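Participant: Dropping in start09.pdb, with PDB, C-alpha atoms.
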```pdb
MODEL        1
ATOM      1  CA  MET A 221     -26.475   3.263   2.416
ATOM      2  CA  THR A 222     -23.520   1.423   0.999
ATOM      3  CA  ILE A 223     -21.354   3.446  -1.336
ATOM      4  CA  LEU A 224     -19.850   1.216  -3.982
ATOM      5  CA  ILE A 225     -18.123   3.927  -5.979
ATOM      6  CA  PRO A 226     -14.373   3.846  -5.330
ATOM      7  CA  PRO A 227     -12.841   6.952  -3.781
ATOM      8  CA  GLU A 228     -11.389   9.663  -5.938
ATOM      9  CA  CYS A 229      -8.133   8.866  -4.195
ATOM     10  CA  ALA A 230      -6.527  11.627  -2.246
ATOM     11  CA  THR A 231      -8.047  14.419  -4.319
ATOM     12  CA  SER A 232      -9.255  16.298  -1.247
ATOM     13  CA  ALA A 233      -5.829  16.401   0.357
ATOM     14  CA  ARG A 234      -4.328  19.862   0.450
ATOM     15  CA  ILE A 235      -1.161  20.053  -1.646
ATOM     16  CA  ASP A 236       0.905  23.254  -1.591
ATOM     17  CA  LEU A 237       3.944  23.582  -3.790
ATOM     18  CA  ASP A 238       6.707  25.202  -1.760
ATOM     19  CA  HIS A 239       8.959  25.655  -4.692
ATOM     20  CA  THR A 240      10.134  24.133  -7.921
ATOM     21  CA  SER A 241      13.564  24.955  -9.215
ATOM     22  CA  GLY A 242      15.447  23.151 -11.907
ATOM     23  CA  ASP A 243      15.345  19.524 -10.898
ATOM     24  CA  GLU A 244      13.768  19.901  -7.458
ATOM     25  CA  ILE A 245      10.145  20.008  -6.268
ATOM     26  CA  VAL A 246       9.112  20.561  -2.648
ATOM     27  CA  ALA A 247       5.490  20.327  -1.549
ATOM     28  CA  ARG A 248       3.576  20.297   1.727
ATOM     29  CA  ILE A 249       0.611  17.972   1.981
ATOM     30  CA  ARG A 250      -2.152  17.648   4.535
ATOM     31  CA  PRO A 251      -4.346  14.534   4.380
ATOM     32  CA  ASP A 252      -8.098  15.168   4.540
ATOM     33  CA  ARG A 253      -9.558  13.607   7.681
ATOM     34  CA  ASP A 254     -13.009  13.735   6.052
ATOM     35  CA  ASP A 255     -11.967  11.681   3.030
ATOM     36  CA  PRO A 256     -14.674   8.967   2.744
ATOM     37  CA  VAL A 257     -11.961   6.377   2.234
ATOM     38  CA  PHE A 258     -11.407   6.162   5.985
ATOM     39  CA  ALA A 259     -14.857   4.616   6.506
ATOM     40  CA  GLY A 260     -13.479   1.547   4.805
ATOM     41  CA  HIS A 261      -9.770   1.773   5.570
ATOM     42  CA  TYR A 262     -10.432   0.698   8.240
ATOM     43  CA  PRO A 263     -13.706   0.739  10.220
ATOM     44  CA  GLY A 264     -12.880   2.033  13.705
ATOM     45  CA  PHE A 265      -9.221   2.479  12.802
ATOM     46  CA  PRO A 266      -8.729   5.136  10.103
ATOM     47  CA  LEU A 267      -5.339   4.603   8.496
ATOM     48  CA  LEU A 268      -3.825   6.441   5.557
ATOM     49  CA  PRO A 269      -3.477   3.864   2.749
ATOM     50  CA  GLY A 270       0.107   3.369   1.647
ATOM     51  CA  VAL A 271      -0.900   4.000  -1.951
ATOM     52  CA  TYR A 272      -2.052   7.488  -0.906
ATOM     53  CA  ILE A 273       1.562   8.349  -0.114
ATOM     54  CA  VAL A 274       2.500   7.320  -3.642
ATOM     55  CA  GLU A 275      -0.396   9.416  -4.965
ATOM     56  CA  TYR A 276       0.760  12.462  -2.989
ATOM     57  CA  VAL A 277       4.220  12.285  -4.540
ATOM     58  CA  HIS A 278       2.658  11.785  -7.989
ATOM     59  CA  ARG A 279       0.405  14.809  -7.475
ATOM     60  CA  ALA A 280       3.325  16.952  -6.359
ATOM     61  CA  VAL A 281       5.058  16.022  -9.635
ATOM     62  CA  LEU A 282       1.868  16.828 -11.560
ATOM     63  CA  ALA A 283       1.635  20.209  -9.844
ATOM     64  CA  ALA A 284       5.039  21.048 -11.294
ATOM     65  CA  VAL A 285       4.762  19.074 -14.563
ATOM     66  CA  PRO A 286       1.041  18.907 -15.446
ATOM     67  CA  SER A 287       1.508  16.822 -18.595
ATOM     68  CA  ALA A 288       3.418  14.004 -16.865
ATOM     69  CA  ILE A 289       1.922  10.533 -17.373
ATOM     70  CA  LEU A 290       2.882   7.940 -14.770
ATOM     71  CA  ALA A 291       4.585   4.904 -16.285
ATOM     72  CA  GLU A 292       6.095   3.096 -13.302
ATOM     73  CA  LEU A 293       6.272   3.087  -9.559
ATOM     74  CA  VAL A 294       9.903   2.033  -9.607
ATOM     75  CA  SER A 295      10.157   1.563  -5.871
ATOM     76  CA  CYS A 296       8.574   2.605  -2.634
ATOM     77  CA  ARG A 297       9.548   1.925   0.973
ATOM     78  CA  PHE A 298       7.367   2.837   3.895
ATOM     79  CA  LEU A 299       9.376   3.732   6.968
ATOM     80  CA  ARG A 300       6.668   4.700   9.464
ATOM     81  CA  THR A 301       2.921   5.192   9.668
ATOM     82  CA  ILE A 302       1.515   8.668   9.152
ATOM     83  CA  ASP A 303      -1.124  10.180  11.393
ATOM     84  CA  LEU A 304      -4.077  11.873   9.724
ATOM     85  CA  ASP A 305      -3.123  15.150  11.427
ATOM     86  CA  ASP A 306       0.462  15.050  10.189
ATOM     87  CA  GLU A 307       1.763  17.489   7.625
ATOM     88  CA  LEU A 308       3.892  15.718   5.039
ATOM     89  CA  VAL A 309       6.806  17.407   3.354
ATOM     90  CA  VAL A 310       7.627  15.848   0.002
ATOM     91  CA  SER A 311      11.012  16.646  -1.496
ATOM     92  CA  ILE A 312      11.437  15.381  -5.045
ATOM     93  CA  ARG A 313      14.603  15.304  -7.074
ATOM     94  CA  CYS A 314      14.542  14.647 -10.804
ATOM     95  CA  ASP A 315      17.420  12.344 -11.536
ATOM     96  CA  GLY A 316      17.992  11.014 -15.025
ATOM     97  CA  GLY A 317      14.299  10.707 -15.859
ATOM     98  CA  LEU A 318      13.352   9.367 -12.433
ATOM     99  CA  TYR A 319      11.564  11.390  -9.784
ATOM    100  CA  ARG A 320      12.892  10.459  -6.355
ATOM    101  CA  GLY A 321      10.564  11.574  -3.595
ATOM    102  CA  ALA A 322      11.473  11.699   0.090
ATOM    103  CA  VAL A 323       8.428  12.010   2.350
ATOM    104  CA  ALA A 324       8.979  13.304   5.865
ATOM    105  CA  VAL A 325       6.867  14.181   8.896
ATOM    106  CA  SER A 326       8.385  16.692  11.315
ATOM    107  CA  GLY A 327      11.743  16.061   9.716
ATOM    108  CA  VAL A 328      11.523  12.290  10.225
ATOM    109  CA  PRO A 329      11.645  10.167   7.037
ATOM    110  CA  ALA A 330       8.311   8.400   6.456
ATOM    111  CA  ALA A 331       8.626   7.016   2.922
ATOM    112  CA  GLU A 332      10.820   6.918  -0.161
ATOM    113  CA  VAL A 333       9.066   6.864  -3.527
ATOM    114  CA  VAL A 334      10.681   6.642  -6.973
ATOM    115  CA  LEU A 335       8.472   7.310 -10.001
ATOM    116  CA  ARG A 336       9.112   7.123 -13.729
ATOM    117  CA  TYR A 337       7.015   8.955 -16.290
ATOM    118  CA  GLN A 338       6.405   8.330 -19.953
ATOM    119  CA  GLU A 339       9.151   9.547 -22.275
ATOM    120  CA  GLY A 340       8.775  13.177 -23.240
ATOM    121  CA  ASP A 341       6.569  14.014 -20.272
ATOM    122  CA  GLY A 342       9.040  13.764 -17.433
TER     123      GLY A 342
ATOM    124  CA  MET B 282     -15.486 -19.399  -5.990
ATOM    125  CA  LEU B 283     -15.495 -16.381  -3.621
ATOM    126  CA  ASP B 284     -17.918 -13.482  -3.948
ATOM    127  CA  ARG B 285     -17.883 -10.062  -2.309
ATOM    128  CA  ASP B 286     -19.540 -11.307   0.875
ATOM    129  CA  ASP B 287     -16.991 -14.104   1.208
ATOM    130  CA  ILE B 288     -14.176 -11.599   0.692
ATOM    131  CA  ARG B 289     -15.578  -9.326   3.425
ATOM    132  CA  ARG B 290     -15.228 -12.226   5.812
ATOM    133  CA  LEU B 291     -11.543 -12.609   4.926
ATOM    134  CA  ILE B 292     -10.117  -9.071   4.788
ATOM    135  CA  PRO B 293     -10.944  -5.877   6.734
ATOM    136  CA  HIS B 294     -11.382  -3.472   3.795
ATOM    137  CA  ARG B 295     -14.870  -2.004   3.406
ATOM    138  CA  PRO B 296     -16.610   0.269   0.878
ATOM    139  CA  PRO B 297     -15.579   2.585  -0.574
ATOM    140  CA  MET B 298     -12.171   0.937  -0.211
ATOM    141  CA  LEU B 299     -13.152  -2.699  -0.802
ATOM    142  CA  LEU B 300     -11.767  -3.153  -4.301
ATOM    143  CA  VAL B 301     -12.073  -6.893  -4.944
ATOM    144  CA  ASP B 302     -15.389  -8.344  -6.136
ATOM    145  CA  ARG B 303     -14.625 -11.941  -6.904
ATOM    146  CA  VAL B 304     -12.018 -14.672  -6.658
ATOM    147  CA  SER B 305     -12.258 -17.252  -9.423
ATOM    148  CA  GLU B 306      -9.179 -19.317  -8.664
ATOM    149  CA  LEU B 307      -7.205 -19.903  -5.488
ATOM    150  CA  VAL B 308      -4.373 -22.354  -5.017
ATOM    151  CA  PRO B 309      -3.483 -22.133  -1.317
ATOM    152  CA  ARG B 310      -0.047 -20.672  -0.613
ATOM    153  CA  ARG B 311       0.652 -20.360  -4.313
ATOM    154  CA  ARG B 312      -1.595 -18.221  -6.502
ATOM    155  CA  LEU B 313      -4.916 -16.492  -6.935
ATOM    156  CA  VAL B 314      -7.028 -14.969  -9.693
ATOM    157  CA  GLY B 315      -9.430 -12.243  -8.606
ATOM    158  CA  SER B 316     -11.349  -9.436 -10.258
ATOM    159  CA  TYR B 317     -12.779  -5.985  -9.735
ATOM    160  CA  THR B 318     -15.283  -4.032 -11.835
ATOM    161  CA  VAL B 319     -14.960  -0.252 -11.901
ATOM    162  CA  THR B 320     -18.356   1.093 -10.864
ATOM    163  CA  GLY B 321     -17.491   4.771 -10.574
ATOM    164  CA  PRO B 322     -17.854   7.403 -13.300
ATOM    165  CA  ARG B 323     -14.129   7.829 -13.899
ATOM    166  CA  PRO B 324     -11.122   5.673 -14.773
ATOM    167  CA  LEU B 325      -9.578   3.875 -11.819
ATOM    168  CA  PRO B 326      -6.555   5.844 -10.552
ATOM    169  CA  ALA B 327      -3.331   3.874 -11.000
ATOM    170  CA  VAL B 328      -2.648   3.662  -7.285
ATOM    171  CA  LEU B 329      -6.145   2.278  -6.641
ATOM    172  CA  LEU B 330      -5.505  -0.398  -9.249
ATOM    173  CA  LEU B 331      -2.457  -1.289  -7.162
ATOM    174  CA  GLU B 332      -4.540  -1.190  -3.967
ATOM    175  CA  SER B 333      -7.106  -3.487  -5.579
ATOM    176  CA  TRP B 334      -4.366  -5.933  -6.608
ATOM    177  CA  GLY B 335      -2.914  -5.774  -3.099
ATOM    178  CA  GLN B 336      -6.281  -6.669  -1.587
ATOM    179  CA  ALA B 337      -6.477  -9.698  -3.858
ATOM    180  CA  ALA B 338      -3.004 -10.649  -2.622
ATOM    181  CA  LEU B 339      -4.216 -10.339   0.968
ATOM    182  CA  VAL B 340      -7.070 -12.755   0.225
ATOM    183  CA  LEU B 341      -4.477 -15.273  -1.016
ATOM    184  CA  ILE B 342      -2.333 -14.846   2.085
ATOM    185  CA  ARG B 343      -5.164 -14.841   4.631
ATOM    186  CA  HIS B 344      -7.899 -17.055   3.148
ATOM    187  CA  ASP B 345      -7.143 -19.696   5.768
ATOM    188  CA  ARG B 346      -6.755 -17.144   8.581
ATOM    189  CA  PRO B 347      -9.585 -14.608   8.138
ATOM    190  CA  MET B 348      -8.947 -11.077   9.389
ATOM    191  CA  PRO B 349     -12.213  -9.116   9.000
ATOM    192  CA  ASP B 350     -11.563  -6.723  11.915
ATOM    193  CA  VAL B 351      -8.288  -4.823  12.270
ATOM    194  CA  LEU B 352      -8.836  -4.163  15.964
ATOM    195  CA  THR B 353      -8.833  -7.850  16.841
ATOM    196  CA  ASP B 354      -7.120  -9.487  13.870
ATOM    197  CA  GLY B 355      -4.321  -7.035  13.072
ATOM    198  CA  VAL B 356      -3.791  -4.339  10.469
ATOM    199  CA  PRO B 357      -2.545  -5.135   6.958
ATOM    200  CA  ILE B 358       0.063  -2.589   5.907
ATOM    201  CA  ALA B 359       2.210  -2.122   2.839
ATOM    202  CA  GLY B 360       5.950  -2.296   3.397
ATOM    203  CA  ALA B 361       7.370  -1.858  -0.063
ATOM    204  CA  PHE B 362       6.545  -1.810  -3.773
ATOM    205  CA  GLU B 363       9.024  -2.552  -6.547
ATOM    206  CA  GLY B 364       8.675  -2.490 -10.312
ATOM    207  CA  ILE B 365       5.003  -1.549 -10.627
ATOM    208  CA  ARG B 366       4.497  -0.780 -14.306
ATOM    209  CA  PHE B 367       1.279   0.811 -15.447
ATOM    210  CA  GLY B 368      -0.388   0.378 -18.828
ATOM    211  CA  ARG B 369      -3.539   2.063 -20.000
ATOM    212  CA  PRO B 370      -6.151   3.199 -17.451
ATOM    213  CA  VAL B 371      -8.969   0.876 -16.384
ATOM    214  CA  LEU B 372     -12.186   2.548 -17.548
ATOM    215  CA  PRO B 373     -15.648   2.724 -15.948
ATOM    216  CA  GLY B 374     -17.538  -0.525 -16.448
ATOM    217  CA  GLU B 375     -14.421  -2.550 -17.189
ATOM    218  CA  THR B 376     -13.514  -5.614 -15.175
ATOM    219  CA  VAL B 377      -9.850  -6.011 -14.370
ATOM    220  CA  GLU B 378      -8.464  -9.434 -13.509
ATOM    221  CA  HIS B 379      -5.708  -9.684 -10.917
ATOM    222  CA  ARG B 380      -3.203 -12.536 -11.041
ATOM    223  CA  VAL B 381      -1.258 -12.938  -7.822
ATOM    224  CA  GLU B 382       1.631 -15.270  -7.097
ATOM    225  CA  LEU B 383       2.969 -15.781  -3.596
ATOM    226  CA  ILE B 384       6.752 -15.681  -3.629
ATOM    227  CA  ARG B 385       7.325 -16.230   0.060
ATOM    228  CA  LEU B 386       5.618 -15.889   3.399
ATOM    229  CA  ILE B 387       7.751 -15.224   6.472
ATOM    230  CA  ALA B 388       5.640 -15.064   9.644
ATOM    231  CA  ASP B 389       3.196 -12.228   8.890
ATOM    232  CA  THR B 390       5.207 -10.712   6.063
ATOM    233  CA  GLY B 391       4.272 -11.731   2.535
ATOM    234  CA  PHE B 392       6.155 -11.242  -0.729
ATOM    235  CA  VAL B 393       3.959 -11.322  -3.829
ATOM    236  CA  ARG B 394       4.130 -10.519  -7.529
ATOM    237  CA  GLY B 395       1.894 -10.711 -10.564
ATOM    238  CA  GLU B 396      -0.119  -8.626 -12.978
ATOM    239  CA  SER B 397      -3.504  -7.191 -13.812
ATOM    240  CA  VAL B 398      -5.132  -7.812 -17.175
ATOM    241  CA  ILE B 399      -8.211  -6.864 -19.138
ATOM    242  CA  GLY B 400      -8.800  -9.687 -21.556
ATOM    243  CA  THR B 401      -5.321 -10.320 -22.943
ATOM    244  CA  GLU B 402      -4.066  -6.800 -22.312
ATOM    245  CA  VAL B 403      -1.731  -6.263 -19.355
ATOM    246  CA  VAL B 404      -2.662  -3.029 -17.569
ATOM    247  CA  MET B 405      -0.291  -3.389 -14.626
ATOM    248  CA  GLN B 406       2.760  -5.485 -13.807
ATOM    249  CA  VAL B 407       3.687  -5.972 -10.178
ATOM    250  CA  GLY B 408       7.367  -6.794  -9.764
ATOM    251  CA  ARG B 409       7.095  -7.219  -6.024
ATOM    252  CA  LEU B 410       4.905  -6.108  -3.165
ATOM    253  CA  VAL B 411       5.872  -6.622   0.452
ATOM    254  CA  GLY B 412       3.044  -6.535   2.944
ATOM    255  CA  ALA B 413       2.724  -7.309   6.613
ATOM    256  CA  VAL B 414       0.196  -7.519   9.414
ATOM    257  CA  ARG B 415       0.767  -5.581  12.629
ATOM    258  CA  PRO B 416      -1.280  -5.362  15.833
ATOM    259  CA  ALA B 417      -3.425  -2.211  15.863
ATOM    260  CA  ALA B 418      -2.018  -1.169  19.239
ATOM    261  CA  ALA B 419       1.521  -1.353  17.900
ATOM    262  CA  LEU B 420       0.837   0.904  14.950
ATOM    263  CA  ARG B 421      -0.273   4.071  16.566
ATOM    264  CA  PRO B 422       1.851   6.046  16.666
ATOM    265  CA  ALA B 423       4.731   3.615  16.604
ATOM    266  CA  VAL B 424       7.351   3.519  13.944
ATOM    267  CA  LEU B 425       6.869   0.554  11.644
ATOM    268  CA  ALA B 426       9.225  -2.103  12.840
ATOM    269  CA  GLY B 427      11.322  -2.189   9.736
ATOM    270  CA  VAL B 428       8.685  -3.823   7.544
ATOM    271  CA  SER B 429      10.461  -2.847   4.351
ATOM    272  CA  ASP B 430      13.764  -4.048   5.723
ATOM    273  CA  VAL B 431      12.649  -7.667   5.942
ATOM    274  CA  LYS B 432      14.815  -9.566   3.526
ATOM    275  CA  GLU B 433      13.412 -12.255   1.344
ATOM    276  CA  SER B 434      15.492 -15.353   1.861
ATOM    277  CA  THR B 435      15.555 -17.397  -1.292
TER     278      THR B 435
ENDMDL
END
```
Starting from the file, give its structure as structure tokens.
Facilitator:
Amino acid sequence: MTILIPPECATSARIDLDHTSGDEIVARIRPDRDDPVFAGHYPGFPLLPGVYIVEYVHRAVLAAVPSAILAELVSCRFLRTIDLDDELVVSIRCDGGLYRGAVAVSGVPAAEVVLRYQEGDG
Amino acid sequence: MLDRDDIRRLIPHRPPMLLVDRVSELVPRRRLVGSYTVTGPRPLPAVLLLESWGQAALVLIRHDRPMPDVLTDGVPIAGAFEGIRFGRPVLPGETVEHRVELIRLIADTGFVRGESVIGTEVVMQVGRLVGAVRPAAALRPAVLAGVSDVKEST
């Protein structure tokens, strides 16, 4: 049966906050291999969508600042692909209203994501 | 001018991650207007709105070189996003229209920009998206070959 409902988007990934202190957030994230998204992205070649990386950083911010409302993905660079078995470490620094996230796998940089939230929520 | 079946013949995304329903306007190598209707019970997450827009952009880039199967045709991957501004959420039942403009195409790396609208209301602005196509065999587990480092020569 064809499922036409879009995925919840990364909600089943496991996100553990390591710590939040002042202007820093560190979280560990494990993608969910059973996420239905991989049936369609792509058939026979499951690949973590790039936008999932952005969502992981956003969710790490939300875990620390639940009221934050995303206003802008200021920038994002993908530096390498991420295997579904990889554990991602997201280190986020709040810098003048921007949240700068560095995503790494086994200490190797995988992506850089900068997010801006609505005034008063970030 | 293109429906969902046509789009499936052009790009490799499949349900539940096929997020373009229709293309109503396509000027080769220049611009495209496509749309997607939210069928789920909840608002479309912001990043999936961006994914949907990106798929419309891929249709523009590859309409004359279909790539329905990543194993034989290559894998579309995102290299970079810049200046993606989000407005209000797209709600269940709403149809969002994607407007895509091709800035430049260098080999298999495309630079695109545009916006998503509902009626006259802009719900997302896309400053720039850089996307590329890589052979499946080269992607796993290889480091991306500097996709985001490709400079746009203007």
Participant: So what does the PyMOL selection byres ((chain A and resi 291) around 12) actually pick up in this one, as a PDB file with C-alpha atoms, in the coordinates of the input?
Facilitator:
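Writing the result to part.pdb gives the following:
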```pdb
ATOM      1  CA  HIS A 278       2.658  11.785  -7.989  1.00  0.00           C
ATOM      2  CA  ALA A 288       3.418  14.004 -16.865  1.00  0.00           C
ATOM      3  CA  ILE A 289       1.922  10.533 -17.373  1.00  0.00           C
ATOM      4  CA  LEU A 290       2.882   7.940 -14.770  1.00  0.00           C
ATOM      5  CA  GLU A 292       6.095   3.096 -13.302  1.00  0.00           C
ATOM      6  CA  LEU A 293       6.272   3.087  -9.559  1.00  0.00           C
ATOM      7  CA  VAL A 294       9.903   2.033  -9.607  1.00  0.00           C
ATOM      8  CA  GLY A 317      14.299  10.707 -15.859  1.00  0.00           C
ATOM      9  CA  LEU A 318      13.352   9.367 -12.433  1.00  0.00           C
ATOM     10  CA  TYR A 319      11.564  11.390  -9.784  1.00  0.00           C
ATOM     11  CA  VAL A 334      10.681   6.642  -6.973  1.00  0.00           C
ATOM     12  CA  LEU A 335       8.472   7.310 -10.001  1.00  0.00           C
ATOM     13  CA  ARG A 336       9.112   7.123 -13.729  1.00  0.00           C
ATOM     14  CA  TYR A 337       7.015   8.955 -16.290  1.00  0.00           C
ATOM     15  CA  GLN A 338       6.405   8.330 -19.953  1.00  0.00           C
ATOM     16  CA  GLU A 339       9.151   9.547 -22.275  1.00  0.00           C
ATOM     17  CA  GLY A 340       8.775  13.177 -23.240  1.00  0.00           C
ATOM     18  CA  ASP A 341       6.569  14.014 -20.272  1.00  0.00           C
ATOM     19  CA  GLY A 342       9.040  13.764 -17.433  1.00  0.00           C
TER      20      GLY A 342
ATOM     21  CA  ALA B 327      -3.331   3.874 -11.000  1.00  0.00           C
ATOM     22  CA  VAL B 328      -2.648   3.662  -7.285  1.00  0.00           C
ATOM     23  CA  GLY B 364       8.675  -2.490 -10.312  1.00  0.00           C
ATOM     24  CA  ILE B 365       5.003  -1.549 -10.627  1.00  0.00           C
ATOM     25  CA  ARG B 366       4.497  -0.780 -14.306  1.00  0.00           C
ATOM     26  CA  PHE B 367       1.279   0.811 -15.447  1.00  0.00           C
ATOM     27  CA  GLY B 368      -0.388   0.378 -18.828  1.00  0.00           C
ATOM     28  CA  ARG B 369      -3.539   2.063 -20.000  1.00  0.00           C
ATOM     29  CA  PRO B 370      -6.151   3.199 -17.451  1.00  0.00           C
ATOM     30  CA  VAL B 404      -2.662  -3.029 -17.569  1.00  0.00           C
ATOM     31  CA  MET B 405      -0.291  -3.389 -14.626  1.00  0.00           C
ATOM     32  CA  GLN B 406       2.760  -5.485 -13.807  1.00  0.00           C
TER      33      GLN B 406
END
```
Participant: For the file shown, report as a list in words the outcome of the PyMOL selection byres ((chain A and resi 332) around 9) at residue level.
Facilitator: Ser295, Cys296, Arg297, Phe298, Leu299, Arg320, Gly321, Ala322, Val323, Ala324, Pro329, Ala330, Ala331, Val333 and Val334 of chain A
Participant: To one decimal place in Å, what is the distance between CA of Ala359 in chain B and CA of Glu396 in chain B?
Facilitator: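 Atom-to-atom, CA of Ala359 in chain B to CA of Glu396 in chain B, that is 17.3 Å.
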Participant: Sorted by chain and rising residue number, list the residues of chain B at most 9 Å from chain A (counting all atoms listed in the file), each with its closest atom pair and distance in Å to one decimal, as a Markdown table.
Facilitator:
```
| residue | atom | partner | partner_atom | distance |
| --- | --- | --- | --- | --- |
| B:Pro293 | CA | A:Tyr262 | CA | 6.8 |
| B:His294 | CA | A:Gly260 | CA | 5.5 |
| B:Arg295 | CA | A:Gly260 | CA | 4.1 |
| B:Pro296 | CA | A:Gly260 | CA | 5.2 |
| B:Pro297 | CA | A:Pro226 | CA | 5.1 |
| B:Met298 | CA | A:Gly260 | CA | 5.2 |
| B:Leu299 | CA | A:Gly260 | CA | 7.0 |
| B:Leu300 | CA | A:Pro226 | CA | 7.5 |
| B:Val319 | CA | A:Pro226 | CA | 7.8 |
| B:Thr320 | CA | A:Ile225 | CA | 5.7 |
| B:Gly321 | CA | A:Ile225 | CA | 4.7 |
| B:Pro322 | CA | A:Ile225 | CA | 8.1 |
| B:Arg323 | CA | A:Glu228 | CA | 8.6 |
| B:Leu325 | CA | A:Pro226 | CA | 8.1 |
| B:Pro326 | CA | A:Cys229 | CA | 7.2 |
| B:Ala327 | CA | A:Leu290 | CA | 8.3 |
| B:Val328 | CA | A:Val271 | CA | 5.6 |
| B:Leu329 | CA | A:Val271 | CA | 7.2 |
| B:Leu331 | CA | A:Val271 | CA | 7.6 |
| B:Glu332 | CA | A:Val271 | CA | 6.7 |
| B:Asp350 | CA | A:Pro263 | CA | 7.9 |
| B:Val351 | CA | A:Tyr262 | CA | 7.2 |
| B:Leu352 | CA | A:Phe265 | CA | 7.4 |
| B:Val356 | CA | A:Tyr262 | CA | 8.6 |
| B:Ile358 | CA | A:Gly270 | CA | 7.3 |
| B:Ala359 | CA | A:Gly270 | CA | 6.0 |
| B:Gly360 | CA | A:Phe298 | CA | 5.3 |
| B:Ala361 | CA | A:Arg297 | CA | 4.5 |
| B:Phe362 | CA | A:Cys296 | CA | 5.0 |
| B:Glu363 | CA | A:Ser295 | CA | 4.3 |
| B:Gly364 | CA | A:Val294 | CA | 4.7 |
| B:Ile365 | CA | A:Leu293 | CA | 4.9 |
| B:Arg366 | CA | A:Glu292 | CA | 4.3 |
| B:Phe367 | CA | A:Ala291 | CA | 5.3 |
| B:Gly368 | CA | A:Ala291 | CA | 7.2 |
| B:Ala417 | CA | A:Phe265 | CA | 8.1 |
| B:Leu420 | CA | A:Thr301 | CA | 7.1 |
| B:Arg421 | CA | A:Thr301 | CA | 7.7 |
| B:Pro422 | CA | A:Thr301 | CA | 7.1 |
| B:Ala423 | CA | A:Thr301 | CA | 7.3 |
| B:Val424 | CA | A:Arg300 | CA | 4.7 |
| B:Leu425 | CA | A:Arg300 | CA | 4.7 |
| B:Ala426 | CA | A:Arg300 | CA | 8.0 |
| B:Gly427 | CA | A:Leu299 | CA | 6.8 |
| B:Val428 | CA | A:Leu299 | CA | 7.6 |
| B:Ser429 | CA | A:Arg297 | CA | 5.9 |
| B:Asp430 | CA | A:Arg297 | CA | 8.7 |
```
Participant: Go through B:Ile288, B:Gly355, B:Val377, B:Arg343 and flag the residue nearest Pro324 in chain B, using only C-alpha atoms for the distances.
Facilitator: B:Val377
Participant: Name the residues captured by the PyMOL selection byres ((chain B and resi 284) around 9) when it is applied to the shown file; answer as a list in words.
Facilitator: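 Selected by the PyMOL selection byres ((chain B and resi 284) around 9) in this file: Met282, Leu283, Arg285, Asp286, Asp287, Ile288, Arg289, Val301, Asp302, Arg303, Val304 and Ser305 of chain B.
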Participant: Show me as a PyMOL selection string the residues that reach within 9 Å of (4.4, -17.5, -1.7), counting all atoms listed in the file and using the file's own coordinates.
Facilitator: chain B and resi 310-312+342+382-386+391-393
Participant: Using the selection just defined, write its residues with C-alpha atoms as a short mmCIF file (atom, residue, chain, number, x, y, z; two decimals), in the coordinates of the input.
Facilitator:
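Below is the file that was written, part_24.cif:
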```
data_model
loop_
_atom_site.label_atom_id
_atom_site.label_comp_id
_atom_site.auth_asym_id
_atom_site.auth_seq_id
_atom_site.Cartn_x
_atom_site.Cartn_y
_atom_site.Cartn_z
CA ARG B 310 -0.05 -20.67 -0.61
CA ARG B 311 0.65 -20.36 -4.31
CA ARG B 312 -1.60 -18.22 -6.50
CA ILE B 342 -2.33 -14.85 2.08
CA GLU B 382 1.63 -15.27 -7.10
CA LEU B 383 2.97 -15.78 -3.60
CA ILE B 384 6.75 -15.68 -3.63
CA ARG B 385 7.32 -16.23 0.06
CA LEU B 386 5.62 -15.89 3.40
CA GLY B 391 4.27 -11.73 2.54
CA PHE B 392 6.16 -11.24 -0.73
CA VAL B 393 3.96 -11.32 -3.83
#
```
Participant: Tell me, in Å to one decimal, how far CA of Gly400 in chain B is from CA of Arg290 in chain B.
Facilitator: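 Going from CA of Gly400 in chain B over to CA of Arg290 in chain B, I get 28.2 Å.
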Participant: Write out as a list in words which residues come within 8 Å of range 306-311 of chain A when counting all atoms listed in the file, dropping same-chain ones fewer than 6 positions away.
Facilitator: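 Final neighbour list, sorted by chain and number: Glu244, Ile245, Val246, Ala247, Arg248, Ile249, Arg250, Pro251, Val277, Ala280, Gly321, Ala322, Val323, Ala324, Val325 and Ser326 of chain A.
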Participant: What does the file look like for those residues with C-alpha atoms, as a PDB file, in the frame of the given file?
Facilitator:
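Result file is selection25.pdb:
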```
ATOM      1  CA  GLU A 244      13.768  19.901  -7.458  1.00  0.00           C
ATOM      2  CA  ILE A 245      10.145  20.008  -6.268  1.00  0.00           C
ATOM      3  CA  VAL A 246       9.112  20.561  -2.648  1.00  0.00           C
ATOM      4  CA  ALA A 247       5.490  20.327  -1.549  1.00  0.00           C
ATOM      5  CA  ARG A 248       3.576  20.297   1.727  1.00  0.00           C
ATOM      6  CA  ILE A 249       0.611  17.972   1.981  1.00  0.00           C
ATOM      7  CA  ARG A 250      -2.152  17.648   4.535  1.00  0.00           C
ATOM      8  CA  PRO A 251      -4.346  14.534   4.380  1.00  0.00           C
ATOM      9  CA  VAL A 277       4.220  12.285  -4.540  1.00  0.00           C
ATOM     10  CA  ALA A 280       3.325  16.952  -6.359  1.00  0.00           C
ATOM     11  CA  GLY A 321      10.564  11.574  -3.595  1.00  0.00           C
ATOM     12  CA  ALA A 322      11.473  11.699   0.090  1.00  0.00           C
ATOM     13  CA  VAL A 323       8.428  12.010   2.350  1.00  0.00           C
ATOM     14  CA  ALA A 324       8.979  13.304   5.865  1.00  0.00           C
ATOM     15  CA  VAL A 325       6.867  14.181   8.896  1.00  0.00           C
ATOM     16  CA  SER A 326       8.385  16.692  11.315  1.00  0.00           C
TER      17      SER A 326
END
```
Participant: Any idea what the distance is between CA of Gly412 in chain B and CA of Thr390 in chain B?
Facilitator: 5.6 Å
Participant: Env of Asp252 in chain A: 7 Å cut, atoms = only C-alpha atoms, seq-sep filter 3 positions within chain, self excluded. Answer as a PyMOL selection string.
Facilitator: chain A and resi 232-233+255
